[in-house]
Amino acid sequence: MSHKRMPKRKAAIAVGGVAALGAAALLLPNAMASQDKNDTNAAGTLGTARTLKASDASGLAAQVQKILGTAFAGSYYDSAKQQLVVNVVNGDSNTVVQAKNAGAVVRQVKNSTKALKTAAGTLRTKATIPGTSWAVDPRTDKILVTADASVTGAKWNRLQSTVQSLGSGMATLKKSAGKFSTFVSGGDAIFAQTQQGGVRCSLGFNVTASDGSPAFLTAGHCGVAAKDWSDSQNGQPIATVDQAKFPGNDFSLVKYNDKTTQASSEVNAGNGQTVQITRAADATVGETVFRMGSTTGLHNGQVTGLDATVNFASETVPGGTDTVNGLIQTNVCAEAGDSGGSLFTQDGSAVGLTSGGSGDCTSGGETFFQPVTAALQATGATLGNGGSGGAGGQSGSAAPSASASDPSGAGGDQSGSAAPSASATDPSGSGASDPSGSGATDPSGSGASDPSGAGSGDQSGSGSDVSGSGSANDGSSLTGTR
């Protein structure tokens with residue numbers, strides 16, 4: 001490809017093999033749904049609850065949160081009934097009535113937001129064990145704690161004891177059949193070379209950097225692994241890492257070397273479809289989301305938790321832990337080859353960047369995503385060729401066909417349960433490698449922000465497996481995957 005000007009087809013790869021749907025009606029039939037048998041519907045007083053899409057829920061959630069004040073204990077979108085459900089702790093009757101009149105389903109719960117955050121802090125202090133994760137699930141009003149297959153023996157006993165110490169009804173503990181890892185490669189591929197071998201990741205979303213330069217977002221562990229990236233396996237670099245955050249967070253801002261590159265906000269969704277990404281939005285528990293990757297194709301599922309903490313086993317420090325905070329938890333499957341790619345909604349909202357998880361697209365599993373709004377806010381970038389705001393309020397209208405007939409309400413806005421900057425500014429997100437595995441954090445955050453691509457603290461850096469697994473949607477050869 002010419003490095004003077006990026007052709008439109010190649011420009012689209014910066015959207016990570018995942019795009020805002022150009023024709024939403026074509027997307028759902030082509031997506032392979034993730035298996036989830038634990039979909040929980042609202043169990044509250046319906047009253048005058050409004051029927052709305054998830055993309056319209058954020059405004060209502062913000063309104064109700066102001067009404068309820070400290071009584072607000074989270075919210076989620078009930079996709080089956082297309083209603084916003086708001087959790088309330090000790091709310092007085094007047095404010096509850098106001099919340100119902102605003103159009104929300106209100107239900108009384110036991111655990112306050114403060115109590116759930118305190119419990120998460122206890123887990124962080126006592127149970128930061130490689131192969132574990134936890135996230136608040138407003139549908140159950142509990143913290144969902146997950147342990148992968150590597151957590152056994154004394155580690156399992158320690159985790160179980162910590163969960164039990166939180167008290168009855170505060171947390172749920174479950175086992176995952178796979179192992180948590182970052183999903184290197186995927187989507188429309190990008191390639192780099194390190195001392196350990198080739199690294200393959202995928203582009204997330206095209207953005208405009210704060211200085212006006214064309215750029216894209218991808219996973220932080222990719223940006224820490226290598227500085228220079230190409231759109232072909234042995235091609236010349238076309239982009240250079242400007243900012244990279246991992247661990248703690250998991251996002252990178254990579255600038256195109258050619259300043260005339262056309263970084264359009266559209267993505268290859270497979271089968272010749274492209275979708276226009278019109279804005280960034282925070283995830284809402286219960287909403288339907290889509291992920292596209294070169295290894296596994298297009299898959300959809302639901303957001304199951306917010307502000308998730310994941311403790312990846314470090315691939316650079318034996319026995320160490322790379323902790324990432326503020327992630328979106330989903331039941332959308334993913335496999336090696338999908339890392340850095342885009343998570344989006346049917347109405348064209350950019351939601352997340354694939355970080356890692358466990359399982360596969362045969363047996364299912366958990367996949368975690370870096371919120372796009374946090375990455376935009378931290379880097380100062382805006383989607384595509386610009387737009388208003390850098391964090392969850394980017395304006396713009398979706399394509400006329402994109403959500404006009406979406407029975408699932410697969411929108412993209414936040415339902416008021418997580419701040420856009422949660423993962424980018426979380427002081428607890430040091431997540432540095434902890435050789436002892438005891439959960440102690442490293443305030444220096446080594447390896448979390450290495451634009452030079454030296455690879456410290458990076459789980460994708462080794463990249464020495466040249467099995468060539470996966471196949472790109474654009475037909476390019478994809479070797480050097482992990």
# chains A, B, ... in the order shown; residues from 1 in each chain; ligands from 1

call {"tool": "residues_around", "arguments": {"residues": "region 189-191 of chain A", "least_positions_apart": "5", "cutoff": "6 Å", "atoms": "only C-alpha atoms", "output": "short mmCIF file (atom, residue, chain, number, x, y, z; two decimals) with all heavy atoms, in the first residue's frame"}}
result
data_model
loop_
_atom_site.label_atom_id
_atom_site.label_comp_id
_atom_site.auth_asym_id
_atom_site.auth_seq_id
_atom_site.Cartn_x
_atom_site.Cartn_y
_atom_site.Cartn_z
N VAL A 199 4.58 -9.89 16.66
CA VAL A 199 3.39 -9.62 17.47
C VAL A 199 2.27 -9.21 16.53
O VAL A 199 2.47 -8.41 15.63
CB VAL A 199 3.64 -8.48 18.49
CG1 VAL A 199 2.37 -8.16 19.25
CG2 VAL A 199 4.75 -8.87 19.46
N ARG A 200 1.09 -9.76 16.75
CA ARG A 200 -0.06 -9.40 15.93
C ARG A 200 -1.20 -8.97 16.85
O ARG A 200 -1.56 -9.68 17.78
CB ARG A 200 -0.50 -10.58 15.08
CG ARG A 200 -1.81 -10.34 14.35
CD ARG A 200 -2.21 -11.57 13.54
NE ARG A 200 -3.64 -11.50 13.24
CZ ARG A 200 -4.48 -12.50 13.45
NH1 ARG A 200 -4.05 -13.61 13.99
NH2 ARG A 200 -5.74 -12.36 13.15
N CYS A 201 -1.76 -7.81 16.59
CA CYS A 201 -2.93 -7.31 17.31
C CYS A 201 -3.94 -6.80 16.29
O CYS A 201 -3.78 -7.04 15.10
CB CYS A 201 -2.53 -6.19 18.28
SG CYS A 201 -1.63 -6.76 19.76
N SER A 202 -4.97 -6.14 16.76
CA SER A 202 -5.93 -5.57 15.82
C SER A 202 -6.25 -4.14 16.20
O SER A 202 -6.09 -3.74 17.36
CB SER A 202 -7.22 -6.40 15.78
OG SER A 202 -7.89 -6.31 17.02
N TRP A 229 4.12 -0.21 13.95
CA TRP A 229 3.12 -1.17 13.50
C TRP A 229 2.87 -1.07 12.00
O TRP A 229 2.87 0.03 11.44
CB TRP A 229 1.81 -0.96 14.27
CG TRP A 229 1.96 -1.35 15.71
CD1 TRP A 229 2.43 -0.57 16.72
CD2 TRP A 229 1.70 -2.63 16.26
NE1 TRP A 229 2.46 -1.30 17.90
CE2 TRP A 229 2.02 -2.56 17.64
CE3 TRP A 229 1.20 -3.83 15.75
CZ2 TRP A 229 1.87 -3.65 18.50
CZ3 TRP A 229 1.05 -4.92 16.59
CH2 TRP A 229 1.38 -4.82 17.96
N SER A 230 2.64 -2.22 11.38
CA SER A 230 2.39 -2.31 9.94
C SER A 230 1.03 -2.94 9.71
O SER A 230 0.48 -3.61 10.58
CB SER A 230 3.47 -3.17 9.28
OG SER A 230 3.16 -3.40 7.91
N ASP A 231 0.49 -2.76 8.49
CA ASP A 231 -0.77 -3.39 8.15
C ASP A 231 -0.57 -4.69 7.38
O ASP A 231 -1.52 -5.31 6.91
CB ASP A 231 -1.67 -2.45 7.35
CG ASP A 231 -1.06 -2.03 6.04
OD1 ASP A 231 0.15 -2.30 5.83
OD2 ASP A 231 -1.77 -1.44 5.21
N GLN A 233 2.21 -8.37 7.40
CA GLN A 233 3.10 -9.08 8.31
C GLN A 233 4.56 -8.65 8.21
O GLN A 233 5.22 -8.47 9.22
CB GLN A 233 3.00 -10.59 8.06
CG GLN A 233 3.82 -11.40 9.05
CD GLN A 233 3.66 -12.89 8.83
OE1 GLN A 233 2.85 -13.32 8.01
NE2 GLN A 233 4.41 -13.67 9.57
#

call {"tool": "residues_around", "arguments": {"residues": "Leu60 (chain A)", "least_positions_apart": "6", "cutoff": "12 Å", "atoms": "only C-alpha atoms", "output": "VMD selection string"}}
result
chain A and resid 49 to 54 66 to 67 75 to 77 83 to 86 99 to 105 413 to 417

call {"tool": "closest_residue", "arguments": {"among": "A:Ala57, A:Val88, A:Val254, A:Ala71", "to": "Arg107 (chain A)", "atoms": "only C-alpha atoms"}}
result
A:Val88

call {"tool": "atom_distance", "arguments": {"atom1": "CA of Thr323 (chain A)", "atom2": "CA of Asn311 (chain A)"}}
result
4.4 Å

call {"tool": "residues_around", "arguments": {"residues": "Ser210 (chain A)", "least_positions_apart": "3", "cutoff": "8 Å", "atoms": "only C-alpha atoms", "output": "compact mmCIF listing (two decimals) with N, CA, C and O atoms, in the first residue's frame"}}
result
# COMPACT_ATOMS: atom_id res chain seq x y z
N SER A 213 -3.68 14.89 14.42
CA SER A 213 -3.11 13.81 13.63
C SER A 213 -4.08 12.63 13.53
O SER A 213 -4.78 12.32 14.48
N THR A 379 -6.42 10.10 26.50
CA THR A 379 -5.51 10.47 25.41
C THR A 379 -5.85 11.82 24.79
O THR A 379 -5.02 12.39 24.07
N GLY A 380 -7.05 12.31 25.03
CA GLY A 380 -7.47 13.57 24.41
C GLY A 380 -7.90 13.42 22.97
O GLY A 380 -8.10 14.41 22.27
N ALA A 381 -8.07 12.18 22.52
CA ALA A 381 -8.45 11.93 21.13
C ALA A 381 -9.96 12.00 20.95
O ALA A 381 -10.73 11.94 21.92
N THR A 382 -10.39 12.14 19.69
CA THR A 382 -11.82 12.10 19.35
C THR A 382 -12.02 11.07 18.26
O THR A 382 -11.09 10.75 17.50

call {"tool": "select_by_dssp", "arguments": {"residues": "region 87-198 of chain A", "states": "strand (DSSP E)", "output": "PDB file with N, CA, C and O atoms, in the first residue's frame"}}
result
ATOM      1  N   ASN A  87     -31.608   0.386  41.012  1.00  0.00           N
ATOM      2  CA  ASN A  87     -31.532  -0.160  42.363  1.00  0.00           C
ATOM      3  C   ASN A  87     -31.541   0.967  43.386  1.00  0.00           C
ATOM      4  O   ASN A  87     -30.848   1.983  43.203  1.00  0.00           O
ATOM      5  N   VAL A  88     -32.287   0.776  44.464  1.00  0.00           N
ATOM      6  CA  VAL A  88     -32.414   1.798  45.503  1.00  0.00           C
ATOM      7  C   VAL A  88     -32.166   1.166  46.871  1.00  0.00           C
ATOM      8  O   VAL A  88     -32.648   0.075  47.160  1.00  0.00           O
ATOM      9  N   VAL A 105     -37.909   1.603  36.284  1.00  0.00           N
ATOM     10  CA  VAL A 105     -38.364   0.545  37.170  1.00  0.00           C
ATOM     11  C   VAL A 105     -37.506   0.648  38.428  1.00  0.00           C
ATOM     12  O   VAL A 105     -36.281   0.598  38.349  1.00  0.00           O
ATOM     13  N   VAL A 106     -38.110   0.794  39.570  1.00  0.00           N
ATOM     14  CA  VAL A 106     -37.367   0.957  40.825  1.00  0.00           C
ATOM     15  C   VAL A 106     -37.506  -0.298  41.668  1.00  0.00           C
ATOM     16  O   VAL A 106     -38.622  -0.804  41.860  1.00  0.00           O
ATOM     17  N   ARG A 107     -36.398  -0.795  42.140  1.00  0.00           N
ATOM     18  CA  ARG A 107     -36.458  -1.946  43.034  1.00  0.00           C
ATOM     19  C   ARG A 107     -35.554  -1.706  44.239  1.00  0.00           C
ATOM     20  O   ARG A 107     -34.459  -1.133  44.126  1.00  0.00           O
ATOM     21  N   GLN A 108     -36.004  -2.142  45.393  1.00  0.00           N
ATOM     22  CA  GLN A 108     -35.241  -2.012  46.629  1.00  0.00           C
ATOM     23  C   GLN A 108     -34.214  -3.143  46.702  1.00  0.00           C
ATOM     24  O   GLN A 108     -34.538  -4.305  46.447  1.00  0.00           O
ATOM     25  N   THR A 132      -7.884 -14.305  38.440  1.00  0.00           N
ATOM     26  CA  THR A 132      -9.135 -13.933  39.091  1.00  0.00           C
ATOM     27  C   THR A 132      -9.652 -12.616  38.528  1.00  0.00           C
ATOM     28  O   THR A 132      -8.905 -11.831  37.963  1.00  0.00           O
ATOM     29  N   SER A 133     -10.957 -12.393  38.719  1.00  0.00           N
ATOM     30  CA  SER A 133     -11.558 -11.124  38.322  1.00  0.00           C
ATOM     31  C   SER A 133     -12.776 -10.883  39.203  1.00  0.00           C
ATOM     32  O   SER A 133     -13.311 -11.808  39.824  1.00  0.00           O
ATOM     33  N   TRP A 134     -13.197  -9.629  39.268  1.00  0.00           N
ATOM     34  CA  TRP A 134     -14.448  -9.305  39.940  1.00  0.00           C
ATOM     35  C   TRP A 134     -15.046  -8.048  39.325  1.00  0.00           C
ATOM     36  O   TRP A 134     -14.335  -7.173  38.843  1.00  0.00           O
ATOM     37  N   ALA A 135     -16.373  -7.994  39.327  1.00  0.00           N
ATOM     38  CA  ALA A 135     -17.093  -6.857  38.768  1.00  0.00           C
ATOM     39  C   ALA A 135     -18.444  -6.742  39.466  1.00  0.00           C
ATOM     40  O   ALA A 135     -19.014  -7.746  39.912  1.00  0.00           O
ATOM     41  N   VAL A 136     -18.948  -5.521  39.561  1.00  0.00           N
ATOM     42  CA  VAL A 136     -20.265  -5.297  40.152  1.00  0.00           C
ATOM     43  C   VAL A 136     -21.338  -5.656  39.134  1.00  0.00           C
ATOM     44  O   VAL A 136     -21.310  -5.199  37.988  1.00  0.00           O
ATOM     45  N   ASP A 137     -22.281  -6.482  39.553  1.00  0.00           N
ATOM     46  CA  ASP A 137     -23.413  -6.851  38.701  1.00  0.00           C
ATOM     47  C   ASP A 137     -24.679  -6.274  39.318  1.00  0.00           C
ATOM     48  O   ASP A 137     -25.219  -6.825  40.279  1.00  0.00           O
ATOM     49  N   LYS A 142     -24.775  -7.749  43.539  1.00  0.00           N
ATOM     50  CA  LYS A 142     -23.618  -8.412  44.155  1.00  0.00           C
ATOM     51  C   LYS A 142     -22.379  -8.184  43.299  1.00  0.00           C
ATOM     52  O   LYS A 142     -22.459  -7.706  42.167  1.00  0.00           O
ATOM     53  N   ILE A 143     -21.242  -8.551  43.874  1.00  0.00           N
ATOM     54  CA  ILE A 143     -19.999  -8.586  43.114  1.00  0.00           C
ATOM     55  C   ILE A 143     -19.826  -9.995  42.579  1.00  0.00           C
ATOM     56  O   ILE A 143     -19.902 -10.972  43.335  1.00  0.00           O
ATOM     57  N   LEU A 144     -19.626 -10.114  41.275  1.00  0.00           N
ATOM     58  CA  LEU A 144     -19.373 -11.414  40.662  1.00  0.00           C
ATOM     59  C   LEU A 144     -17.875 -11.656  40.634  1.00  0.00           C
ATOM     60  O   LEU A 144     -17.133 -10.936  39.967  1.00  0.00           O
ATOM     61  N   VAL A 145     -17.422 -12.655  41.374  1.00  0.00           N
ATOM     62  CA  VAL A 145     -16.003 -13.006  41.453  1.00  0.00           C
ATOM     63  C   VAL A 145     -15.789 -14.270  40.624  1.00  0.00           C
ATOM     64  O   VAL A 145     -16.516 -15.255  40.785  1.00  0.00           O
ATOM     65  N   THR A 146     -14.806 -14.239  39.737  1.00  0.00           N
ATOM     66  CA  THR A 146     -14.533 -15.373  38.857  1.00  0.00           C
ATOM     67  C   THR A 146     -13.090 -15.830  39.025  1.00  0.00           C
ATOM     68  O   THR A 146     -12.172 -15.007  39.111  1.00  0.00           O
ATOM     69  N   ALA A 147     -12.899 -17.137  39.053  1.00  0.00           N
ATOM     70  CA  ALA A 147     -11.560 -17.722  39.110  1.00  0.00           C
ATOM     71  C   ALA A 147     -11.387 -18.633  37.904  1.00  0.00           C
ATOM     72  O   ALA A 147     -12.265 -19.445  37.598  1.00  0.00           O
ATOM     73  N   ALA A 171     -21.297 -11.173  47.539  1.00  0.00           N
ATOM     74  CA  ALA A 171     -20.542 -11.594  46.361  1.00  0.00           C
ATOM     75  C   ALA A 171     -20.904 -13.016  45.972  1.00  0.00           C
ATOM     76  O   ALA A 171     -21.332 -13.822  46.810  1.00  0.00           O
ATOM     77  N   THR A 172     -20.720 -13.318  44.696  1.00  0.00           N
ATOM     78  CA  THR A 172     -20.913 -14.657  44.154  1.00  0.00           C
ATOM     79  C   THR A 172     -19.599 -15.116  43.549  1.00  0.00           C
ATOM     80  O   THR A 172     -18.957 -14.366  42.808  1.00  0.00           O
ATOM     81  N   LEU A 173     -19.190 -16.342  43.854  1.00  0.00           N
ATOM     82  CA  LEU A 173     -17.924 -16.887  43.361  1.00  0.00           C
ATOM     83  C   LEU A 173     -18.204 -17.997  42.364  1.00  0.00           C
ATOM     84  O   LEU A 173     -19.010 -18.897  42.625  1.00  0.00           O
ATOM     85  N   LYS A 174     -17.549 -17.933  41.197  1.00  0.00           N
ATOM     86  CA  LYS A 174     -17.719 -18.994  40.217  1.00  0.00           C
ATOM     87  C   LYS A 174     -16.392 -19.330  39.562  1.00  0.00           C
ATOM     88  O   LYS A 174     -15.442 -18.538  39.584  1.00  0.00           O
ATOM     89  N   LYS A 175     -16.330 -20.525  38.984  1.00  0.00           N
ATOM     90  CA  LYS A 175     -15.128 -20.979  38.288  1.00  0.00           C
ATOM     91  C   LYS A 175     -15.323 -20.849  36.777  1.00  0.00           C
ATOM     92  O   LYS A 175     -16.423 -21.031  36.258  1.00  0.00           O
ATOM     93  N   SER A 181      -6.348 -14.534  29.778  1.00  0.00           N
ATOM     94  CA  SER A 181      -5.165 -14.092  29.033  1.00  0.00           C
ATOM     95  C   SER A 181      -5.591 -12.984  28.103  1.00  0.00           C
ATOM     96  O   SER A 181      -6.774 -12.821  27.793  1.00  0.00           O
ATOM     97  N   THR A 182      -4.615 -12.188  27.677  1.00  0.00           N
ATOM     98  CA  THR A 182      -4.910 -11.174  26.672  1.00  0.00           C
ATOM     99  C   THR A 182      -5.036 -11.873  25.322  1.00  0.00           C
ATOM    100  O   THR A 182      -4.354 -12.854  25.053  1.00  0.00           O
ATOM    101  N   ALA A 189      -5.889  -7.117  10.954  1.00  0.00           N
ATOM    102  CA  ALA A 189      -4.657  -7.251  11.726  1.00  0.00           C
ATOM    103  C   ALA A 189      -3.671  -6.109  11.525  1.00  0.00           C
ATOM    104  O   ALA A 189      -3.598  -5.483  10.468  1.00  0.00           O
ATOM    105  N   ILE A 190      -2.889  -5.863  12.575  1.00  0.00           N
ATOM    106  CA  ILE A 190      -1.701  -5.023  12.518  1.00  0.00           C
ATOM    107  C   ILE A 190      -0.548  -5.848  13.082  1.00  0.00           C
ATOM    108  O   ILE A 190      -0.753  -6.740  13.907  1.00  0.00           O
ATOM    109  N   PHE A 191       0.646  -5.556  12.620  1.00  0.00           N
ATOM    110  CA  PHE A 191       1.792  -6.404  12.925  1.00  0.00           C
ATOM    111  C   PHE A 191       2.967  -5.567  13.423  1.00  0.00           C
ATOM    112  O   PHE A 191       3.128  -4.411  13.046  1.00  0.00           O
ATOM    113  N   ALA A 192       3.795  -6.200  14.253  1.00  0.00           N
ATOM    114  CA  ALA A 192       5.018  -5.559  14.734  1.00  0.00           C
ATOM    115  C   ALA A 192       6.053  -6.641  15.003  1.00  0.00           C
ATOM    116  O   ALA A 192       5.728  -7.820  15.140  1.00  0.00           O
ATOM    117  N   GLN A 193       7.292  -6.208  15.076  1.00  0.00           N
ATOM    118  CA  GLN A 193       8.386  -7.112  15.390  1.00  0.00           C
ATOM    119  C   GLN A 193       9.038  -6.702  16.708  1.00  0.00           C
ATOM    120  O   GLN A 193       9.258  -5.517  16.958  1.00  0.00           O
ATOM    121  N   THR A 194       9.319  -7.680  17.550  1.00  0.00           N
ATOM    122  CA  THR A 194      10.033  -7.442  18.795  1.00  0.00           C
ATOM    123  C   THR A 194      11.230  -8.373  18.850  1.00  0.00           C
ATOM    124  O   THR A 194      11.409  -9.230  17.970  1.00  0.00           O
ATOM    125  N   GLY A 197      10.118 -11.900  18.737  1.00  0.00           N
ATOM    126  CA  GLY A 197       9.445 -12.396  17.551  1.00  0.00           C
ATOM    127  C   GLY A 197       8.331 -11.472  17.110  1.00  0.00           C
ATOM    128  O   GLY A 197       8.238 -10.322  17.544  1.00  0.00           O
ATOM    129  N   GLY A 198       7.452 -11.993  16.266  1.00  0.00           N
ATOM    130  CA  GLY A 198       6.370 -11.182  15.737  1.00  0.00           C
ATOM    131  C   GLY A 198       5.216 -11.040  16.712  1.00  0.00           C
ATOM    132  O   GLY A 198       4.922 -11.946  17.492  1.00  0.00           O
TER     133      GLY A 198
END

call {"tool": "atom_distance", "arguments": {"atom1": "CA of Gly348 (chain A)", "atom2": "CA of Ile277 (chain A)"}}
result
4.6 Å

call {"tool": "closest_residue", "arguments": {"among": "A:Gly91, A:Gly178, A:Gly131, A:Gly340", "to": "Thr362 (chain A)", "atoms": "only C-alpha atoms"}}
result
A:Gly178

call {"tool": "closest_residue", "arguments": {"among": "A:Ala177, A:Leu68, A:Leu327, A:Ala127", "to": "Gln98 (chain A)", "atoms": "only C-alpha atoms"}}
result
A:Leu68

call {"tool": "residues_around", "arguments": {"residues": "Phe344 (chain A)", "least_positions_apart": "6", "cutoff": "6 Å", "atoms": "only C-alpha atoms", "output": "NGL selection string"}}
result
:A and (289-290 or 350-351)

call {"tool": "select_by_dssp", "arguments": {"residues": "region 198-364 of chain A", "states": "alpha helix (DSSP H)", "output": "VMD selection string"}}
result
chain A and resid 220 to 225

call {"tool": "atom_distance", "arguments": {"atom1": "CA of Gly74 (chain A)", "atom2": "CA of Gly286 (chain A)"}}
result
12.4 Å

call {"tool": "closest_residue", "arguments": {"among": "A:Pro247, A:Pro130, A:Gly359, A:Gly204", "to": "Ala263 (chain A)", "atoms": "only C-alpha atoms"}}
result
A:Gly204

call {"tool": "closest_residue", "arguments": {"among": "A:Gly341, A:Gly301, A:Pro214, A:Gly364", "to": "Ser264 (chain A)", "atoms": "only C-alpha atoms"}}
result
A:Pro214
